[in-house]
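Report on the structure given below.
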Amino acid sequence: MELAAVFPDPPPPDLARTLDLGGFRWKAVGSTEAAAANEPAAGWGGAVVSCDQDPEGAWALCRSLRKRDTPVTPLLVLVSGSQLADLELRNDLFDDFCLTPFHPVEVEARLKHLFWRGGGGVRPELVEYSGLALNLETYQASIEGRPLDLTYMEYELLKFLAQNPGKVFTREILLSRVWGYEYYGGARTVDVHIRRLRAKLGEEQANLIQTVRSVGYRFGQSRWGT
Amino acid sequence: MLDSQRDYVLRTVEERCVRLIRLWFTDVLGTLKSFAISPAELENALEDGMTFDGSSIDGFSRVQESDVLAIPDPNTFEVLPWGDPKSPEARVFCDIHGLDGTPFQGDPRQVLRRQLQAAHEAGFTFYVAPDIEFFYFAPPERGTTPVPLDEAGFFDLTTTDVAGSLRKQTIRTLETMSIPVEYSFHEDAPSQHEIDLRHDNALTMADNIMTFRLVVKEVAAANGVHATFMPKPLEGVQGSGMHVHMSLFRGDENAFYDADDPHNLSPVAKSFMAGLLRHAAEITAITNQTINSYKRLVPGFEAPVHISWARNNRSGLIRVPIPKRGNPSATRIEYRSPDPACNPYLAFAVLLAAGMKGIAEGYVLEPEAESNLFELTDAQLGALGIGQLPQSLSDSLKVMERSELVREALGEHIFEWFLRNKRNEWRGYKTHVSAYEIDRYLRAL
């Protein structure tokens with residue numbers, strides 16, 4: 001899960017505890033400047049903003065996180081009952097809210113739901129390469145949109161290769177990384193499975209997996225364009 | 001590993017909307033058996049197996065202990081490439097166990113597993129690659145001679161080659177089922193075809209042959225054609241064999257290869273071959289299990305008759321092909337008598353047992369037979385010490401019956417059942433009066 005910004009700095013202790021117990025990765029920021037200075041290269045993965053102590057600062061931060069080319073999402077605000085009116089006309093500044101004092105389980109559930117909806121956290125991981133797609137979440141592979149039915153070991157081998165395109169692996173490395181050391185079939189097993197995969201990929205895609213003479217196998221093009 | 005395999009299978013069933021899972025296993029005679037379960041039952045089946053009444057299966061239980069357990073081997077789970085692509089079916093091979101969880105003695109897959117385990121304990125992995133021949137015929141009618149689809153010869157290429165397109169469809173289907181093909185071509189006889197599979201470990205290959213036979217028949221049937229693995233369907237032309245290429249690997253090394261030997265054959269290879277040759281007659285009932293099998297094993301049709309070996313002489317039982325480009329890992333031997341109507345699990349089990357016996361006992365390999373054995377007289381063959389394979393199913397059974405090697409390899413249960421079943425088959429045949437006899441004797445005598 002990506003790093004989330006949490007306001008204020010330090011956040012209320014019960015909020016910090018809830019985030020930790022929920023397994024979220026977060027960093028406290030006390031101002032818009034601090035949020036900008038501490039932003040990870042890939043951008044904030046979300047934000048939790050508590051309006052209890054400093055409503056002005058809180059909404060300023062929300063505005064700075066949302067009014068930009070790629071708005072930070074998801075954003076959860078925590079407001080007290082008397083602050084509910086502040087939500088009006090600010091729908092674009094947050095994705096969901098929670099009333100304070102909050103129930104930890106509710107905050108966690110709302111955040112998980114937000115991350116799920118936004119595709120963060122549990123986003124199905126896709127590995128794609130030249131018409132081949134592997135969905136690591138569902139174990140499904142497809143080629144040019146058609147399902148590619150694989151046995152378990154074929155899938156594991158293809159996944160390992162496709163996650164490391166352009167890299168040459170020896171059969172021994174593939175055996176230890178994909179099968180594990182306890183497998184006794186020897187590196188010949190790797191050759192057998194590579195053949196099965198090529199046969200399944202079909203003539204047009206069979207060269208996705210290339211034999212590198214007297215070394216091993218490479219998925220896709222070499223990094224050096226040879 | 002097992003848990004993630006199970007997860008993979010369960011998830012795939014869900015994601016691909018598989019509506020039926022076929023549990024496959026094989027009876028003693030090598031017939032593929034199947035029963036289907038719904039996706040809801042699969043998790044339970046993977047965990048605990050599915051109970052079924054084994055007494056209905058040839059060579060399985062005696063009636064008083066009839067229930068057995070089919071436990072799916074999740075690594076063999078495969079979505080079937082035919083049927084409705086929107087709600088496909090899948091298959092998984094099963095090992096059969098007794099209700100107490102021990103391997104079931106009547107299960108050929110377990111017999112092969114046992115032999116592979118023994119070879120593994122000696123440090124070897126057993127690889128095989130079969131060349132499988134078969135015929136395409138017009139749908140057969142009872143009591144008539146089969147009608148070939150074409151009269152084409154070896155390697156013929158014609159535009160109206162129906163069989164060629166059947167073969168292409170078959171290969172595509174095989175390849176989507178994890179069965180890579182090495183070569184395929186039109187064989188000598190009319191409508192006869194050969195498909196050579198790429199080597200794999202023996203257990204997977206036995207599974208593959210079961211799948212192969214089904215795929216060939218399915219594709220043919222979908223095109224209104226009958227495919228058959230009968231060893232000798234037509235008199236006067238070649239029969240269908242299943243040459244088995246074999247090698248043993250010790251880790252990544254081909255244990256059959258020796259750079260210092262003039263023929264590049266290691267002592268392991270030589271003892272293995274000596275084991276096969278010494279026990280060849282004993283295992284023939286398993287590698288050639290039908291009455292019809294022995295009508296193929298006659299001189300003149302490229303099938304072996306004599307128990308001998310050679311490097312490039314196709315009249316012997318074992319041929320040692322010369323590997324391409326001197327590739328050491330391709331060193332192998334080709335055992336030429338089996339036919340595609342055998343039970344591949346049992347055939348591989350007895351082949352391995354015979355070869356391993358040769359290694360364990362350090363059998364010495366006799367010199368190769370370089371001449372064309374079909375041209376030698378019995379006296380000349382006798383002088384060379386070259387014997388013959390059994391001439392009939394009855395002869396084979398008599399030799400097998402006395403074989404400790406085969407009894408041990410198959411286990412008491414299958415050994416006894418097989419002999420009983422096949423003796424009955426022979427008795428039935430012996431009382432049959434054939435058209436040949438009527439033609440030959442009715443008017444003359």
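Ligands are numbered from 1 in the order shown, residues from 1 within each chain, and chains are lettered A, B, ... in the order they appear in the structure tokens.
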* Which residues, written as a ChimeraX atom specification, have at least one atom at most 7 Å from B:Val18, with only C-alpha atoms counted and residues fewer than 6 positions away on the same chain left out? -> /B:87-90
Kindly assemble as JSON lines a list of the chain A residues that lie within 12 Å of chain B, each paired with its nearest atom pair and their distance in Å to one decimal, using only C-alpha atoms, sorted first by chain and then by ascending residue number.
{"residue": "A:Asn135", "atom": "CA", "partner": "B:Glu15", "partner_atom": "CA", "distance": 10.9}
{"residue": "A:Leu136", "atom": "CA", "partner": "B:Tyr8", "partner_atom": "CA", "distance": 10.7}
{"residue": "A:Glu137", "atom": "CA", "partner": "B:Arg11", "partner_atom": "CA", "distance": 9.6}
{"residue": "A:Thr138", "atom": "CA", "partner": "B:Arg11", "partner_atom": "CA", "distance": 6.6}
{"residue": "A:Tyr139", "atom": "CA", "partner": "B:Tyr8", "partner_atom": "CA", "distance": 6.6}
{"residue": "A:Gln140", "atom": "CA", "partner": "B:Thr12", "partner_atom": "CA", "distance": 6.9}
{"residue": "A:Ala141", "atom": "CA", "partner": "B:Thr12", "partner_atom": "CA", "distance": 10.0}
{"residue": "A:Ser142", "atom": "CA", "partner": "B:Arg16", "partner_atom": "CA", "distance": 11.4}
{"residue": "A:Arg146", "atom": "CA", "partner": "B:Pro85", "partner_atom": "CA", "distance": 10.3}
{"residue": "A:Pro147", "atom": "CA", "partner": "B:Arg16", "partner_atom": "CA", "distance": 8.4}
{"residue": "A:Leu148", "atom": "CA", "partner": "B:Thr176", "partner_atom": "CA", "distance": 8.6}
{"residue": "A:Asp149", "atom": "CA", "partner": "B:Val79", "partner_atom": "CA", "distance": 6.3}
{"residue": "A:Leu150", "atom": "CA", "partner": "B:Glu78", "partner_atom": "CA", "distance": 6.9}
{"residue": "A:Thr151", "atom": "CA", "partner": "B:Glu78", "partner_atom": "CA", "distance": 6.1}
{"residue": "A:Tyr152", "atom": "CA", "partner": "B:Gln5", "partner_atom": "CA", "distance": 6.1}
{"residue": "A:Met153", "atom": "CA", "partner": "B:Asn75", "partner_atom": "CA", "distance": 7.3}
{"residue": "A:Glu154", "atom": "CA", "partner": "B:Ser178", "partner_atom": "CA", "distance": 8.9}
{"residue": "A:Tyr155", "atom": "CA", "partner": "B:Tyr8", "partner_atom": "CA", "distance": 9.3}
{"residue": "A:Glu156", "atom": "CA", "partner": "B:Gln5", "partner_atom": "CA", "distance": 10.0}
{"residue": "A:Arg171", "atom": "CA", "partner": "B:Asp252", "partner_atom": "CA", "distance": 10.0}
{"residue": "A:Glu172", "atom": "CA", "partner": "B:Asp252", "partner_atom": "CA", "distance": 9.6}
{"residue": "A:Leu175", "atom": "CA", "partner": "B:Asp252", "partner_atom": "CA", "distance": 11.4}
{"residue": "A:Val178", "atom": "CA", "partner": "B:Met1", "partner_atom": "CA", "distance": 10.5}
{"residue": "A:Trp179", "atom": "CA", "partner": "B:Met1", "partner_atom": "CA", "distance": 8.7}
{"residue": "A:Gly180", "atom": "CA", "partner": "B:Met1", "partner_atom": "CA", "distance": 9.0}
{"residue": "A:Tyr181", "atom": "CA", "partner": "B:Met1", "partner_atom": "CA", "distance": 11.7}
{"residue": "A:Glu182", "atom": "CA", "partner": "B:Met1", "partner_atom": "CA", "distance": 10.3}
{"residue": "A:Tyr183", "atom": "CA", "partner": "B:Gly251", "partner_atom": "CA", "distance": 10.5}
{"residue": "A:Tyr184", "atom": "CA", "partner": "B:Gly251", "partner_atom": "CA", "distance": 7.3}
{"residue": "A:Gly185", "atom": "CA", "partner": "B:Thr125", "partner_atom": "CA", "distance": 6.6}
{"residue": "A:Gly186", "atom": "CA", "partner": "B:Gly251", "partner_atom": "CA", "distance": 4.8}
{"residue": "A:Ala187", "atom": "CA", "partner": "B:Asp252", "partner_atom": "CA", "distance": 5.8}
{"residue": "A:Arg188", "atom": "CA", "partner": "B:Asp252", "partner_atom": "CA", "distance": 6.3}
{"residue": "A:Thr189", "atom": "CA", "partner": "B:Asp200", "partner_atom": "CA", "distance": 8.0}
{"residue": "A:Val190", "atom": "CA", "partner": "B:Asp252", "partner_atom": "CA", "distance": 10.6}
{"residue": "A:Asp191", "atom": "CA", "partner": "B:Asp200", "partner_atom": "CA", "distance": 9.5}
{"residue": "A:Val192", "atom": "CA", "partner": "B:Asp200", "partner_atom": "CA", "distance": 6.4}
{"residue": "A:His193", "atom": "CA", "partner": "B:Ser178", "partner_atom": "CA", "distance": 8.5}
{"residue": "A:Ile194", "atom": "CA", "partner": "B:Pro180", "partner_atom": "CA", "distance": 10.1}
{"residue": "A:Arg195", "atom": "CA", "partner": "B:Pro180", "partner_atom": "CA", "distance": 6.6}
{"residue": "A:Arg196", "atom": "CA", "partner": "B:Ser178", "partner_atom": "CA", "distance": 5.0}
{"residue": "A:Leu197", "atom": "CA", "partner": "B:Ser178", "partner_atom": "CA", "distance": 7.4}
{"residue": "A:Arg198", "atom": "CA", "partner": "B:Pro180", "partner_atom": "CA", "distance": 8.6}
{"residue": "A:Ala199", "atom": "CA", "partner": "B:Glu175", "partner_atom": "CA", "distance": 5.2}
{"residue": "A:Lys200", "atom": "CA", "partner": "B:Thr176", "partner_atom": "CA", "distance": 4.9}
{"residue": "A:Leu201", "atom": "CA", "partner": "B:Thr176", "partner_atom": "CA", "distance": 8.3}
{"residue": "A:Gly202", "atom": "CA", "partner": "B:Glu175", "partner_atom": "CA", "distance": 8.3}
{"residue": "A:Glu203", "atom": "CA", "partner": "B:Arg172", "partner_atom": "CA", "distance": 10.3}
{"residue": "A:Ala206", "atom": "CA", "partner": "B:Glu175", "partner_atom": "CA", "distance": 11.8}
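The two atoms in question, atom CA of A:Leu157 and atom CA of A:Arg177, are spaced 8.9 Å apart.
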* **Sel. of helix (DSSP H, G or I) residues, stretch 182-220 of chain A, as a PyMOL selection string** => chain A and resi 188-201+206-208
* Asked: Do you know which residues are at most 12 Å from stretch 163-167 of chain A counting only C-alpha atoms, after dropping those on the same chain fewer than 3 positions away, and could you put them as a PyMOL selection string?
  -> chain A and resi 125-130+132-136+155-160+170+173-174+208-212+215-226
Please, could you write that set of residues out with N, CA and C atoms as a short mmCIF file (atom, residue, chain, number, x, y, z; two decimals), in the first residue's frame?
data_model
loop_
_atom_site.label_atom_id
_atom_site.label_comp_id
_atom_site.auth_asym_id
_atom_site.auth_seq_id
_atom_site.Cartn_x
_atom_site.Cartn_y
_atom_site.Cartn_z
N GLU A 125 -2.83 -6.91 -9.51
CA GLU A 125 -1.56 -6.62 -10.14
C GLU A 125 -1.52 -7.22 -11.52
N LEU A 126 -1.22 -6.42 -12.48
CA LEU A 126 -1.18 -6.89 -13.86
C LEU A 126 0.25 -6.86 -14.38
N VAL A 127 0.64 -7.94 -15.01
CA VAL A 127 1.92 -7.93 -15.71
C VAL A 127 1.57 -8.02 -17.19
N GLU A 128 2.00 -7.04 -17.96
CA GLU A 128 1.65 -7.05 -19.38
C GLU A 128 2.89 -6.96 -20.23
N TYR A 129 2.88 -7.71 -21.31
CA TYR A 129 4.02 -7.64 -22.23
C TYR A 129 3.56 -8.13 -23.60
N SER A 130 3.60 -7.25 -24.56
CA SER A 130 3.36 -7.61 -25.95
C SER A 130 2.20 -8.59 -26.15
N LEU A 132 0.58 -10.31 -24.05
CA LEU A 132 0.40 -11.26 -22.95
C LEU A 132 0.06 -10.48 -21.69
N ALA A 133 -0.96 -10.93 -20.96
CA ALA A 133 -1.30 -10.28 -19.70
C ALA A 133 -1.46 -11.34 -18.62
N LEU A 134 -0.85 -11.08 -17.45
CA LEU A 134 -1.01 -11.98 -16.32
C LEU A 134 -1.64 -11.18 -15.19
N ASN A 135 -2.74 -11.67 -14.66
CA ASN A 135 -3.37 -11.04 -13.52
C ASN A 135 -2.93 -11.81 -12.28
N LEU A 136 -2.05 -11.20 -11.49
CA LEU A 136 -1.46 -11.92 -10.37
C LEU A 136 -2.47 -12.14 -9.25
N TYR A 155 2.16 -21.58 -15.03
CA TYR A 155 1.81 -20.22 -14.64
C TYR A 155 2.92 -19.58 -13.81
N GLU A 156 3.42 -20.33 -12.84
CA GLU A 156 4.47 -19.80 -11.96
C GLU A 156 5.73 -19.44 -12.75
N LEU A 157 6.08 -20.31 -13.70
CA LEU A 157 7.27 -20.06 -14.51
C LEU A 157 7.08 -18.83 -15.40
N LEU A 158 5.91 -18.75 -16.05
CA LEU A 158 5.65 -17.62 -16.94
C LEU A 158 5.61 -16.32 -16.14
N LYS A 159 5.02 -16.38 -14.94
CA LYS A 159 4.93 -15.20 -14.09
C LYS A 159 6.33 -14.69 -13.74
N PHE A 160 7.17 -15.62 -13.32
CA PHE A 160 8.53 -15.22 -12.94
C PHE A 160 9.26 -14.58 -14.11
N THR A 170 19.56 -18.58 -15.83
CA THR A 170 20.01 -19.95 -16.05
C THR A 170 18.90 -20.89 -15.61
N ILE A 173 18.79 -21.24 -11.83
CA ILE A 173 18.12 -20.15 -11.13
C ILE A 173 16.61 -20.32 -11.23
N LEU A 174 16.15 -20.63 -12.44
CA LEU A 174 14.71 -20.80 -12.62
C LEU A 174 14.20 -21.94 -11.75
N LEU A 208 8.35 -15.27 -27.49
CA LEU A 208 8.39 -14.44 -26.29
C LEU A 208 9.43 -14.99 -25.32
N ILE A 209 9.56 -16.33 -25.32
CA ILE A 209 10.56 -16.95 -24.46
C ILE A 209 11.70 -17.42 -25.35
N GLN A 210 12.86 -16.81 -25.18
CA GLN A 210 13.97 -17.12 -26.06
C GLN A 210 15.02 -17.95 -25.34
N THR A 211 15.61 -18.86 -26.11
CA THR A 211 16.72 -19.64 -25.58
C THR A 211 18.00 -18.85 -25.79
N VAL A 212 18.73 -18.66 -24.72
CA VAL A 212 20.02 -18.00 -24.84
C VAL A 212 21.07 -19.10 -24.76
N VAL A 215 23.35 -20.58 -21.94
CA VAL A 215 23.12 -19.85 -20.69
C VAL A 215 21.79 -20.26 -20.09
N GLY A 216 20.70 -19.97 -20.79
CA GLY A 216 19.40 -20.27 -20.22
C GLY A 216 18.29 -19.65 -21.06
N TYR A 217 17.37 -18.94 -20.40
CA TYR A 217 16.21 -18.41 -21.10
C TYR A 217 16.01 -16.93 -20.77
N ARG A 218 15.38 -16.24 -21.73
CA ARG A 218 15.06 -14.84 -21.54
C ARG A 218 13.64 -14.61 -22.01
N PHE A 219 12.89 -13.80 -21.25
CA PHE A 219 11.54 -13.45 -21.66
C PHE A 219 11.59 -12.09 -22.35
N GLY A 220 11.02 -12.00 -23.54
CA GLY A 220 10.96 -10.73 -24.25
C GLY A 220 12.31 -10.32 -24.80
N GLN A 221 12.36 -9.06 -25.21
CA GLN A 221 13.56 -8.55 -25.85
C GLN A 221 14.68 -8.33 -24.85
N SER A 222 15.88 -8.44 -25.30
CA SER A 222 17.03 -8.12 -24.48
C SER A 222 16.99 -6.63 -24.15
N ARG A 223 17.53 -6.27 -22.99
CA ARG A 223 17.57 -4.85 -22.61
C ARG A 223 18.44 -4.05 -23.56
N TRP A 224 19.31 -4.74 -24.23
CA TRP A 224 20.24 -4.03 -25.11
C TRP A 224 19.74 -4.03 -26.54
N GLY A 225 18.51 -4.49 -26.72
CA GLY A 225 17.88 -4.38 -28.04
C GLY A 225 18.42 -5.32 -29.08
N THR A 226 19.07 -6.40 -28.64
CA THR A 226 19.58 -7.35 -29.64
C THR A 226 18.53 -8.39 -29.94
#
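One finds atom CA of B:Leu365 at 22.2 Å from atom CA of B:Met400.
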* To do: Write out as an MDAnalysis selection string each polymer residue whose atoms come within 12 Å of A:Ala41, counting only C-alpha atoms; drop sequence neighbours fewer than 5 positions from it.
  => chainID A and resid 2:3 36
Hey, can you spit out that residue selection with N, CA and C atoms as an mmCIF file, in the first residue's frame?
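And here is the file that came out, again24.cif:
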data_model
loop_
_atom_site.group_PDB
_atom_site.id
_atom_site.type_symbol
_atom_site.label_atom_id
_atom_site.label_comp_id
_atom_site.auth_asym_id
_atom_site.auth_seq_id
_atom_site.Cartn_x
_atom_site.Cartn_y
_atom_site.Cartn_z
ATOM 1 N N GLU A 2 0.428 2.235 -0.730
ATOM 2 C CA GLU A 2 1.208 3.470 -0.835
ATOM 3 C C GLU A 2 1.125 4.273 0.469
ATOM 4 N N LEU A 3 2.078 5.181 0.601
ATOM 5 C CA LEU A 3 2.153 6.010 1.805
ATOM 6 C C LEU A 3 1.031 7.052 1.824
ATOM 7 N N ALA A 36 3.961 19.015 1.014
ATOM 8 C CA ALA A 36 4.686 19.108 -0.259
ATOM 9 C C ALA A 36 6.119 18.617 -0.102
#
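Contact shell of stretch 221-227 of chain B at 6 Å (only C-alpha atoms; same-chain neighbours under 3 positions omitted): Phe135, Tyr136, Phe137, Ala138, Pro139, Lys217 and Glu218 of chain B.
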Prev. selection, C-alpha atoms, output as an mmCIF file, in the first residue's frame:
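What ended up in result_1.cif:
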data_model
loop_
_atom_site.group_PDB
_atom_site.id
_atom_site.type_symbol
_atom_site.label_atom_id
_atom_site.label_comp_id
_atom_site.auth_asym_id
_atom_site.auth_seq_id
_atom_site.Cartn_x
_atom_site.Cartn_y
_atom_site.Cartn_z
ATOM 1 C CA PHE B 135 -5.093 -45.119 -38.258
ATOM 2 C CA TYR B 136 -7.976 -42.999 -39.503
ATOM 3 C CA PHE B 137 -10.905 -44.937 -40.932
ATOM 4 C CA ALA B 138 -14.407 -44.251 -42.112
ATOM 5 C CA PRO B 139 -16.816 -44.959 -39.217
ATOM 6 C CA LYS B 217 -10.341 -39.832 -31.114
ATOM 7 C CA GLU B 218 -12.304 -36.688 -30.161
#
* Do you know which residues are at most 8 Å from stretch 70-86 of chain A counting only C-alpha atoms, after dropping those on the same chain fewer than 6 positions away, and could you put them as number ranges by chain? -> A: 43-52, 93-102, 111, 114-115, 118
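Distances from A:Glu56, A:Lys67, A:Pro104, A:Glu144 to A:Pro13 were compared using only C-alpha atoms, and the smallest one belongs to A:Pro104.
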* **Within 12 Å of B:Lys398 using only C-alpha atoms, minus same-chain residues under 2 positions, as number ranges by chain** => B: 281-285, 390-396, 400-403, 419-420, 422-423, 426
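Nearest-residue note for A:Gly131: choosing from A:Gln205, A:Trp59, A:Glu106, A:Arg68, the minimum distance belongs to A:Gln205, counting only C-alpha atoms.
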* Asked: At what distance in Å, to one decimal, does atom CA of B:Phe212 lie from atom CA of B:Glu41?
  -> 27.1 Å
* **Residues of stretch 76-198 of chain B in strand (DSSP E), written as a PyMOL selection string** => chain B and resi 78-79+89-98+125-137+181-186+192-197
Write a file of the selected residues as a CSV table (one decimal), in the first residue's frame, keeping C-alpha atoms.
chain,number,residue,atom,x,y,z
B,78,GLU,CA,-6.2,-28.4,-17.1
B,79,VAL,CA,-9.1,-26.6,-18.7
B,89,GLU,CA,-14.9,-28.1,-18.4
B,90,ALA,CA,-11.7,-29.1,-16.8
B,91,ARG,CA,-9.9,-32.4,-16.0
B,92,VAL,CA,-7.6,-33.5,-13.3
B,93,PHE,CA,-5.8,-36.9,-13.0
B,94,CYS,CA,-6.4,-38.8,-9.8
B,95,ASP,CA,-4.4,-41.2,-7.7
B,96,ILE,CA,-6.5,-43.9,-6.2
B,97,HIS,CA,-6.2,-44.7,-2.5
B,98,GLY,CA,-7.8,-47.1,-0.1
B,125,THR,CA,14.8,-39.6,-13.1
B,126,PHE,CA,13.2,-41.5,-15.9
B,127,TYR,CA,12.4,-39.6,-19.1
B,128,VAL,CA,10.4,-41.0,-22.0
B,129,ALA,CA,9.2,-39.9,-25.4
B,130,PRO,CA,6.8,-42.1,-27.4
B,131,ASP,CA,6.3,-42.2,-31.2
B,132,ILE,CA,2.6,-43.0,-31.5
B,133,GLU,CA,1.1,-44.5,-34.6
B,134,PHE,CA,-2.6,-44.8,-35.4
B,135,PHE,CA,-5.1,-45.1,-38.3
B,136,TYR,CA,-8.0,-43.0,-39.5
B,137,PHE,CA,-10.9,-44.9,-40.9
B,181,VAL,CA,4.7,-32.4,-30.4
B,182,GLU,CA,8.1,-33.1,-31.9
B,183,TYR,CA,7.2,-34.5,-35.3
B,184,SER,CA,4.1,-35.7,-37.1
B,185,PHE,CA,3.7,-37.3,-40.5
B,186,HIS,CA,1.8,-39.7,-42.7
B,192,GLN,CA,-1.8,-44.3,-40.9
B,193,HIS,CA,-0.3,-41.4,-39.0
B,194,GLU,CA,2.4,-40.9,-36.5
B,195,ILE,CA,2.8,-38.2,-33.9
B,196,ASP,CA,6.0,-38.0,-31.8
B,197,LEU,CA,5.8,-36.4,-28.5
